[in-house]
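What follows is the content of coords_30.cif (mmCIF, C-alpha atoms and all ligand atoms).
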```
data_run
loop_
_atom_site.label_atom_id
_atom_site.label_comp_id
_atom_site.auth_asym_id
_atom_site.auth_seq_id
_atom_site.Cartn_x
_atom_site.Cartn_y
_atom_site.Cartn_z
CA MET F 1 -5.03 11.37 3.68
CA SER F 2 -2.14 10.09 1.57
CA GLU F 3 1.45 11.10 2.22
CA PHE F 4 1.43 12.95 -1.11
CA ASN F 5 -1.77 14.91 -0.50
CA LEU F 6 -0.50 15.84 2.94
CA ILE F 7 2.63 17.38 1.41
CA LEU F 8 0.64 19.02 -1.37
CA ASP F 9 -1.93 20.53 1.02
CA HIS F 10 0.39 21.84 3.69
CA PHE F 11 3.91 22.32 2.41
CA THR F 12 4.04 23.26 -1.27
CA GLU F 13 5.03 26.90 -1.75
CA LEU F 14 5.49 27.35 2.01
CA GLY F 15 7.93 30.13 2.83
CA ALA F 16 9.45 32.73 0.58
CA TYR F 17 9.55 32.69 -3.18
CA ARG F 18 13.19 32.61 -4.28
CA ALA F 19 14.39 32.81 -7.85
CA ASP F 20 17.42 30.60 -7.09
CA VAL F 21 15.15 27.59 -6.35
CA LYS F 22 15.21 25.84 -9.73
CA LEU F 23 13.23 22.81 -8.54
CA GLY F 24 11.42 22.57 -5.18
CA ILE F 25 9.11 19.97 -3.62
CA GLY F 26 8.09 17.08 -5.85
CA ASP F 27 11.25 15.44 -7.15
CA ASP F 28 13.88 13.15 -5.60
CA ALA F 29 15.86 16.22 -4.54
CA ALA F 30 15.68 19.99 -4.79
CA LEU F 31 17.84 22.00 -7.21
CA ILE F 32 19.27 25.34 -6.10
CA GLU F 33 21.23 27.60 -8.43
CA LEU F 34 24.80 28.16 -7.19
CA ASP F 35 26.33 29.92 -10.19
CA GLU F 36 26.03 29.70 -13.96
CA ALA F 37 27.74 26.34 -14.12
CA ARG F 38 26.48 24.40 -11.10
CA GLN F 39 23.36 23.64 -9.07
CA LEU F 40 23.21 22.45 -5.46
CA VAL F 41 21.19 19.23 -5.05
CA VAL F 42 19.56 18.56 -1.65
CA ALA F 43 17.72 15.46 -0.39
CA VAL F 44 16.76 14.23 3.09
CA ASP F 45 15.41 10.87 4.23
CA THR F 46 14.47 9.48 7.63
CA LEU F 47 14.67 5.86 8.73
CA VAL F 48 12.46 4.92 11.69
CA ALA F 49 13.24 1.70 13.58
CA GLY F 50 10.62 -0.97 13.01
CA ARG F 51 9.16 0.92 10.03
CA HIS F 52 12.01 1.42 7.57
CA PHE F 53 14.14 -1.43 8.89
CA PRO F 54 13.37 -4.50 11.03
CA LEU F 55 14.28 -4.03 14.72
CA GLN F 56 16.97 -6.72 14.53
CA THR F 57 18.91 -4.85 11.78
CA SER F 58 22.59 -4.44 12.70
CA ALA F 59 23.93 -1.02 13.65
CA TYR F 60 26.33 -1.21 10.68
CA ASP F 61 23.49 -1.79 8.24
CA ILE F 62 21.38 1.03 9.70
CA GLY F 63 24.32 3.42 9.28
CA TYR F 64 24.94 2.19 5.76
CA LYS F 65 21.32 2.33 4.64
CA SER F 66 20.64 5.79 6.08
CA LEU F 67 23.16 7.21 3.61
CA ALA F 68 22.42 4.74 0.79
CA VAL F 69 18.78 5.86 0.47
CA ASN F 70 19.90 9.47 0.11
CA LEU F 71 22.66 8.60 -2.35
CA SER F 72 19.93 6.91 -4.37
CA ASP F 73 17.91 10.14 -4.49
CA LEU F 74 20.99 12.00 -5.73
CA ALA F 75 21.61 9.25 -8.29
CA ALA F 76 18.04 9.77 -9.52
CA MET F 77 18.93 13.45 -10.12
CA GLY F 78 22.20 12.59 -11.91
CA ALA F 79 24.09 14.44 -9.14
CA ASP F 80 27.51 14.06 -7.53
CA PRO F 81 27.19 13.73 -3.71
CA SER F 82 29.50 15.80 -1.49
CA TRP F 83 28.29 16.67 2.04
CA MET F 84 25.85 15.28 4.60
CA THR F 85 24.39 16.17 7.98
CA LEU F 86 23.15 13.54 10.45
CA ALA F 87 20.23 13.91 12.89
CA LEU F 88 20.28 10.96 15.26
CA THR F 89 17.64 10.10 17.87
CA LEU F 90 18.74 7.29 20.20
CA PRO F 91 16.95 5.46 23.02
CA GLU F 92 20.31 5.18 24.87
CA ALA F 93 24.02 5.91 24.32
CA ASP F 94 25.33 2.42 23.53
CA ASP F 95 28.99 2.68 22.57
CA GLU F 96 29.18 -0.59 20.71
CA TRP F 97 26.03 0.19 18.72
CA LEU F 98 27.36 3.64 17.88
CA ARG F 99 30.70 2.21 16.70
CA GLY F 100 28.90 -0.17 14.34
CA PHE F 101 26.58 2.56 13.08
CA ALA F 102 29.45 4.98 12.45
CA ARG F 103 31.40 2.31 10.58
CA GLY F 104 28.47 1.55 8.27
CA LEU F 105 27.82 5.21 7.59
CA GLY F 106 31.55 6.02 7.25
CA ASP F 107 32.38 3.14 4.89
CA LEU F 108 29.74 4.20 2.38
CA ALA F 109 30.54 7.91 2.82
CA ARG F 110 34.21 7.35 1.98
CA GLU F 111 33.31 5.19 -1.01
CA TYR F 112 31.32 8.08 -2.50
CA ASN F 113 33.51 10.94 -1.31
CA VAL F 114 30.91 12.35 1.11
CA ALA F 115 31.93 14.35 4.22
CA LEU F 116 29.83 14.54 7.41
CA VAL F 117 29.63 18.26 8.21
CA GLY F 118 27.09 18.53 11.04
CA GLY F 119 23.94 17.20 12.61
CA ASP F 120 21.95 16.87 15.81
CA THR F 121 21.75 14.23 18.56
CA THR F 122 18.69 13.66 20.74
CA ARG F 123 17.15 10.99 22.97
CA GLY F 124 14.00 9.11 21.90
CA PRO F 125 12.88 6.17 19.71
CA LEU F 126 15.64 5.17 17.25
CA THR F 127 15.33 7.44 14.22
CA VAL F 128 18.03 8.36 11.71
CA THR F 129 17.83 11.32 9.36
CA VAL F 130 20.53 12.00 6.81
CA GLN F 131 20.46 15.10 4.68
CA LEU F 132 22.67 14.83 1.63
CA MET F 133 23.93 17.61 -0.59
CA GLY F 134 25.77 17.48 -3.87
CA THR F 135 26.05 19.25 -7.19
CA VAL F 136 25.08 18.82 -10.81
CA PRO F 137 26.04 20.80 -13.92
CA ALA F 138 23.33 23.46 -14.45
CA GLY F 139 20.50 22.25 -16.67
CA GLU F 140 21.62 18.60 -16.72
CA ALA F 141 19.80 17.21 -13.67
CA LEU F 142 17.46 14.28 -14.22
CA ARG F 143 13.91 15.21 -13.23
CA ARG F 144 10.56 13.45 -13.01
CA ASP F 145 8.75 15.81 -15.35
CA GLY F 146 10.39 15.34 -18.76
CA ALA F 147 8.98 12.04 -20.07
CA GLU F 148 7.45 12.35 -23.55
CA PRO F 149 5.13 10.11 -25.58
CA GLY F 150 7.20 7.56 -27.50
CA ASP F 151 9.99 7.46 -24.89
CA HIS F 152 11.06 4.01 -23.74
CA ILE F 153 10.90 3.18 -20.03
CA PHE F 154 13.93 1.41 -18.54
CA VAL F 155 14.75 0.05 -15.12
CA SER F 156 18.18 -0.88 -13.75
CA GLY F 157 19.09 -4.08 -11.89
CA ARG F 158 16.41 -6.41 -10.63
CA ILE F 159 13.21 -5.44 -8.89
CA GLY F 160 11.91 -7.25 -5.80
CA GLU F 161 15.24 -8.27 -4.27
CA ALA F 162 14.81 -6.03 -1.21
CA ALA F 163 11.23 -7.18 -0.65
CA LEU F 164 12.40 -10.78 -0.88
CA GLY F 165 15.14 -9.84 1.61
CA LEU F 166 12.51 -8.53 4.02
CA ALA F 167 10.49 -11.74 3.61
CA CYS F 168 13.68 -13.75 4.29
CA VAL F 169 14.60 -11.71 7.38
CA GLN F 170 11.06 -12.12 8.70
CA GLY F 171 11.16 -15.88 8.11
CA ARG F 172 8.38 -15.81 5.50
CA THR F 173 10.31 -17.81 2.90
CA SER F 174 12.03 -21.16 2.83
CA LEU F 175 14.94 -20.17 0.59
CA PRO F 176 18.41 -21.68 1.11
CA ALA F 177 20.86 -19.82 3.39
CA THR F 178 22.97 -18.42 0.52
CA SER F 179 19.91 -16.85 -1.14
CA THR F 180 18.66 -15.57 2.21
CA ARG F 181 21.99 -13.82 2.76
CA PHE F 182 22.01 -12.39 -0.78
CA PHE F 183 18.50 -10.94 -0.50
CA ALA F 184 19.04 -9.67 3.07
CA ASP F 185 22.07 -7.80 1.69
CA ALA F 186 19.91 -6.29 -1.06
CA LEU F 187 17.55 -5.05 1.67
CA ASN F 188 20.17 -3.74 4.10
CA ARG F 189 22.92 -2.55 1.77
CA PRO F 190 21.34 -1.30 -1.45
CA ARG F 191 23.85 -0.14 -4.08
CA PRO F 192 22.99 3.44 -5.06
CA ARG F 193 23.16 3.80 -8.86
CA LEU F 194 25.26 6.95 -8.91
CA GLU F 195 27.36 5.95 -11.92
CA LEU F 196 24.24 5.26 -13.94
CA GLY F 197 22.65 8.55 -12.88
CA ARG F 198 25.80 10.43 -13.92
CA GLU F 199 25.85 8.70 -17.31
CA LEU F 200 22.17 9.51 -17.90
CA ARG F 201 22.31 13.21 -17.10
CA GLY F 202 21.55 15.61 -19.87
CA TRP F 203 20.23 12.62 -21.81
CA ALA F 204 17.47 10.63 -20.04
CA THR F 205 14.18 12.55 -20.32
CA SER F 206 13.10 11.62 -16.77
CA ALA F 207 14.28 9.54 -13.81
CA ILE F 208 13.26 8.47 -10.31
CA ASP F 209 14.64 5.92 -7.86
CA VAL F 210 12.50 2.91 -6.99
CA SER F 211 11.85 3.44 -3.28
CA ASP F 212 8.06 3.17 -2.95
CA GLY F 213 7.42 0.39 -5.50
CA LEU F 214 8.07 0.13 -9.25
CA LEU F 215 4.57 1.11 -10.42
CA ALA F 216 4.06 3.73 -7.69
CA ASP F 217 7.34 5.37 -8.68
CA LEU F 218 6.47 5.14 -12.38
CA SER F 219 3.17 6.84 -11.56
CA HIS F 220 5.15 9.75 -10.04
CA ILE F 221 7.02 10.20 -13.36
CA LEU F 222 3.76 9.97 -15.31
CA ALA F 223 1.98 12.50 -13.07
CA ALA F 224 4.91 14.95 -13.13
CA SER F 225 5.22 14.64 -16.93
CA GLY F 226 1.48 14.69 -17.67
CA VAL F 227 1.62 11.45 -19.68
CA GLY F 228 0.63 7.78 -19.41
CA ALA F 229 2.36 4.48 -20.12
CA ARG F 230 2.03 1.03 -21.52
CA VAL F 231 3.91 -1.38 -19.25
CA ASP F 232 5.06 -4.89 -20.13
CA LEU F 233 4.77 -6.52 -16.71
CA ALA F 234 6.36 -9.73 -18.00
CA ALA F 235 9.50 -7.80 -18.95
CA VAL F 236 10.15 -6.51 -15.42
CA PRO F 237 13.44 -8.12 -14.34
CA VAL F 238 12.76 -10.08 -11.14
CA PRO F 239 14.74 -12.64 -9.14
CA GLY F 240 14.04 -16.19 -10.39
CA GLU F 241 13.15 -17.20 -6.83
CA ILE F 242 9.89 -15.21 -7.08
CA ALA F 243 8.41 -17.88 -9.35
CA GLU F 244 9.33 -20.66 -6.88
CA LEU F 245 7.61 -18.87 -4.01
CA GLY F 246 4.12 -18.93 -5.48
CA ALA F 247 1.22 -16.56 -5.92
CA ASP F 248 1.68 -14.64 -2.65
CA PHE F 249 4.89 -13.22 -4.04
CA SER F 250 3.89 -12.61 -7.66
CA HIS F 251 2.93 -8.92 -7.30
CA LEU F 252 5.83 -8.19 -5.00
CA PRO F 253 8.32 -6.81 -7.57
CA LEU F 254 5.73 -4.36 -8.90
CA THR F 255 4.51 -2.98 -5.60
CA ALA F 256 7.25 -3.47 -3.00
CA GLY F 257 9.76 -0.70 -2.39
CA ASP F 258 13.31 -0.39 -1.17
CA ASP F 259 15.14 -1.60 -4.29
CA TYR F 260 16.77 1.77 -5.02
CA GLU F 261 17.18 0.96 -8.68
CA LEU F 262 16.70 3.76 -11.23
CA LEU F 263 13.60 3.98 -13.39
CA PHE F 264 14.14 6.30 -16.36
CA THR F 265 12.90 7.25 -19.81
CA ILE F 266 14.91 7.64 -23.01
CA HIS F 267 14.03 8.91 -26.48
CA ASP F 268 13.35 6.18 -29.01
CA THR F 269 16.50 7.14 -30.95
CA ASP F 270 18.76 6.58 -27.89
CA VAL F 271 17.68 3.04 -27.03
CA ALA F 272 20.67 1.36 -28.73
CA GLU F 273 23.04 3.45 -26.61
CA ILE F 274 21.39 2.10 -23.47
CA GLU F 275 22.45 -1.40 -24.43
CA ALA F 276 26.06 -0.21 -24.73
CA LEU F 277 25.80 1.57 -21.39
CA ALA F 278 24.48 -1.59 -19.67
CA ARG F 279 27.52 -3.50 -20.95
CA GLU F 280 29.90 -0.75 -19.83
CA LEU F 281 28.40 -0.54 -16.33
CA LYS F 282 27.87 -4.32 -16.10
CA LEU F 283 24.37 -3.51 -14.89
CA PRO F 284 21.18 -4.85 -16.49
CA LEU F 285 19.10 -2.03 -18.02
CA THR F 286 15.75 -3.45 -19.09
CA ALA F 287 13.05 -1.88 -21.28
CA ILE F 288 9.69 -2.32 -19.55
CA GLY F 289 7.36 -0.04 -21.45
CA ILE F 290 6.55 2.99 -23.56
CA ILE F 291 5.32 6.45 -22.63
CA GLU F 292 1.94 7.32 -24.20
CA PRO F 293 0.06 10.61 -24.46
CA VAL F 294 -3.07 9.27 -22.69
CA GLN F 295 -2.77 9.33 -18.89
CA GLY F 296 -2.93 6.12 -16.84
CA MET F 297 -1.08 2.80 -16.96
CA ARG F 298 -2.01 0.02 -19.37
CA ASP F 299 -0.70 -3.48 -20.06
CA VAL F 300 0.74 -4.61 -23.42
CA ASP F 301 -2.78 -5.17 -24.78
CA GLY F 302 -3.82 -1.65 -23.82
CA GLU F 303 -6.02 -2.81 -20.90
CA PRO F 304 -5.91 -0.64 -17.77
CA LEU F 305 -3.55 -2.07 -15.12
CA HIS F 306 -5.51 -3.35 -12.16
CA LEU F 307 -3.38 -4.16 -9.15
CA PRO F 308 -4.53 -4.34 -5.55
CA VAL F 309 -1.91 -1.78 -4.52
CA LEU F 310 0.69 0.23 -6.38
CA GLY F 311 3.20 0.74 -3.60
CA TYR F 312 3.95 2.11 -0.19
CA ASP F 313 2.35 5.18 1.37
CA HIS F 314 3.09 5.99 5.00
CA PHE F 315 -0.33 7.44 5.81
CA ASN F 316 -2.47 5.19 3.68
CA GLY F 317 -1.17 1.75 4.65
CA ARG F 318 -0.32 -0.04 1.44
CA SER F 319 -2.92 1.51 -0.83
CA LEU F 320 -1.40 4.17 -3.07
P1 LIG U 401 11.57 10.23 -2.09
O1 LIG U 401 10.77 8.95 -2.05
O2 LIG U 401 12.29 10.43 -3.36
O3 LIG U 401 12.44 10.39 -0.88
P2 LIG U 401 9.21 11.45 -1.08
O4 LIG U 401 8.18 10.57 -1.66
O5 LIG U 401 9.64 11.19 0.33
O6 LIG U 401 10.50 11.42 -2.02
O7 LIG U 401 8.75 12.95 -1.18
C1 LIG U 401 8.16 13.50 -2.34
C2 LIG U 401 8.51 14.96 -2.44
O8 LIG U 401 7.94 15.69 -1.35
C3 LIG U 401 10.00 15.24 -2.37
O9 LIG U 401 10.28 16.28 -3.28
C4 LIG U 401 10.22 15.67 -0.95
O10 LIG U 401 11.32 16.55 -0.85
C5 LIG U 401 8.93 16.38 -0.62
N1 LIG U 401 8.56 16.34 0.81
C6 LIG U 401 8.27 15.25 1.56
N2 LIG U 401 7.92 15.57 2.82
C7 LIG U 401 7.99 16.93 2.91
C8 LIG U 401 7.76 17.89 3.93
N3 LIG U 401 7.37 17.52 5.16
N4 LIG U 401 7.97 19.19 3.63
C9 LIG U 401 8.35 19.57 2.42
N5 LIG U 401 8.58 18.72 1.40
C10 LIG U 401 8.41 17.43 1.61
MG MG U 402 13.49 9.15 -4.44
#
```
Please express the file's structure as structure tokens.
Amino acid sequence: MSEFNLILDHFTELGAYRADVKLGIGDDAALIELDEARQLVVAVDTLVAGRHFPLQTSAYDIGYKSLAVNLSDLAAMGADPSWMTLALTLPEADDEWLRGFARGLGDLAREYNVALVGGDTTRGPLTVTVQLMGTVPAGEALRRDGAEPGDHIFVSGRIGEAALGLACVQGRTSLPATSTRFFADALNRPRPRLELGRELRGWATSAIDVSDGLLADLSHILAASGVGARVDLAAVPVPGEIAELGADFSHLPLTAGDDYELLFTIHDTDVAEIEALARELKLPLTAIGIIEPVQGMRDVDGEPLHLPVLGYDHFNGRSL
């Protein structure tokens, strides 16, 4: 059973029906009506040691990343983050580890004006859950379900840096030390694209953050919007090092997760403004395809995309 079927089968529409739930399960965060002007935005993500980060990851980086992944979900909604709770499961109470963890979490929280307002502490295998809340002007949130035929598909930054970082950390590459440090940083300290999300709200027709893999995450937008896409794989912005590393790494940017860039769609008429926005934010925003009415993903020649895997699924190995 895939992670997504599991959620669909057991948890959709669980509990009461409430009219103030404007968007429930199925997007990067939920939207709850607060008043006429504002919606509450809620996301939660868990990091499990050895699964979401290598066991040797520093306490600082674990603290940092546990918030960063949630900030990324709020960025994908176009939201402003405000409050978080922290559920921490620890094998032991190690003061030095906790100091490092708290510094990593605190540094990023201050940078984005997020307060820690509660949580839970238990003993067990190292697991970190951060729940993040924020707000968005009513009706302006970026969702997965608004992509329309003719829209252009854009992605921010470069895709595959975190996966290269993982390969570096695991000693699977022979890149020089400076590159190894750069890519390890991309893996451990992703930069959530909150400014971009804020700029896109009320404007991009759909958005998602790239956490499972570029094509897997695109497929979530396509499914939610009931459309298909033509994707120019050669246009996907990847680190130059990928080419040097050979065939084993060639699919990596398309299928590997953890980049936390934003993937979004824009009406044809707004494409020129994206170029201006990229300059303003000093962040590459690259067109990688077009939304089409017919479901499925095709290459530039219109041939169905055949890849061994699309991305990461926790209950299905690597076979989304
Ligand atoms: P993301 O990658 O953006 O964090 P996920 O792929 O983890 O999102 O989850 C997909 C959707 O399913 C989200 O809307 C999430 O809130 C929801 N979801 C995941 N697990 C559960 C669960 N156990 N109960 C209810 N909703 C869930
Ligand atoms: Mg997400």
Practice item. Kindly compile the residues surrounding ligand LIG 401 (chain U) within 9 Å, counting only C-alpha atoms and all ligand atoms, and format them as a PyMOL selection string. Key: chain F and resi 3-4+6-8+10-12+14+23-30+42-46+69-70+72-73+76+208-212+217+220+313
Between CA of Asn188 in chain F and CA of Arg123 in chain F lies a distance of 24.1 Å
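Between CA of Leu116 in chain F and CA of Ala19 in chain F the separation is 28.4 Å.
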**Asked** Hey, can you pull every residue with an atom no more than 9 Å from (-2.4, 10.6, -19.9), using all atoms listed in the file, and send it as an MDAnalysis selection string?
**Response** chainID F and resid 222:223 226:229 292:297
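The protein and nucleic acid residues lying at most 12 Å from Gly240 in chain F are Arg158, Ile159, Gly160, Glu161, Leu164, Leu175, Ser179, Val236, Pro237, Val238, Ile242, Ala243, Glu244, Leu245, Gly246, Phe249, Ser250 and Pro253 of chain F, with all atoms listed in the file considered and sequence neighbours fewer than 2 positions away removed.
With CA of Glu33 in chain F on one side and CA of Met77 in chain F on the other, the separation reads 14.4 Å.
Each of F:Ile266, F:Leu254, F:Ala167, F:Leu67 was checked against Arg191 in chain F using only C-alpha atoms; the smallest atom-to-atom distance is that of F:Leu67.
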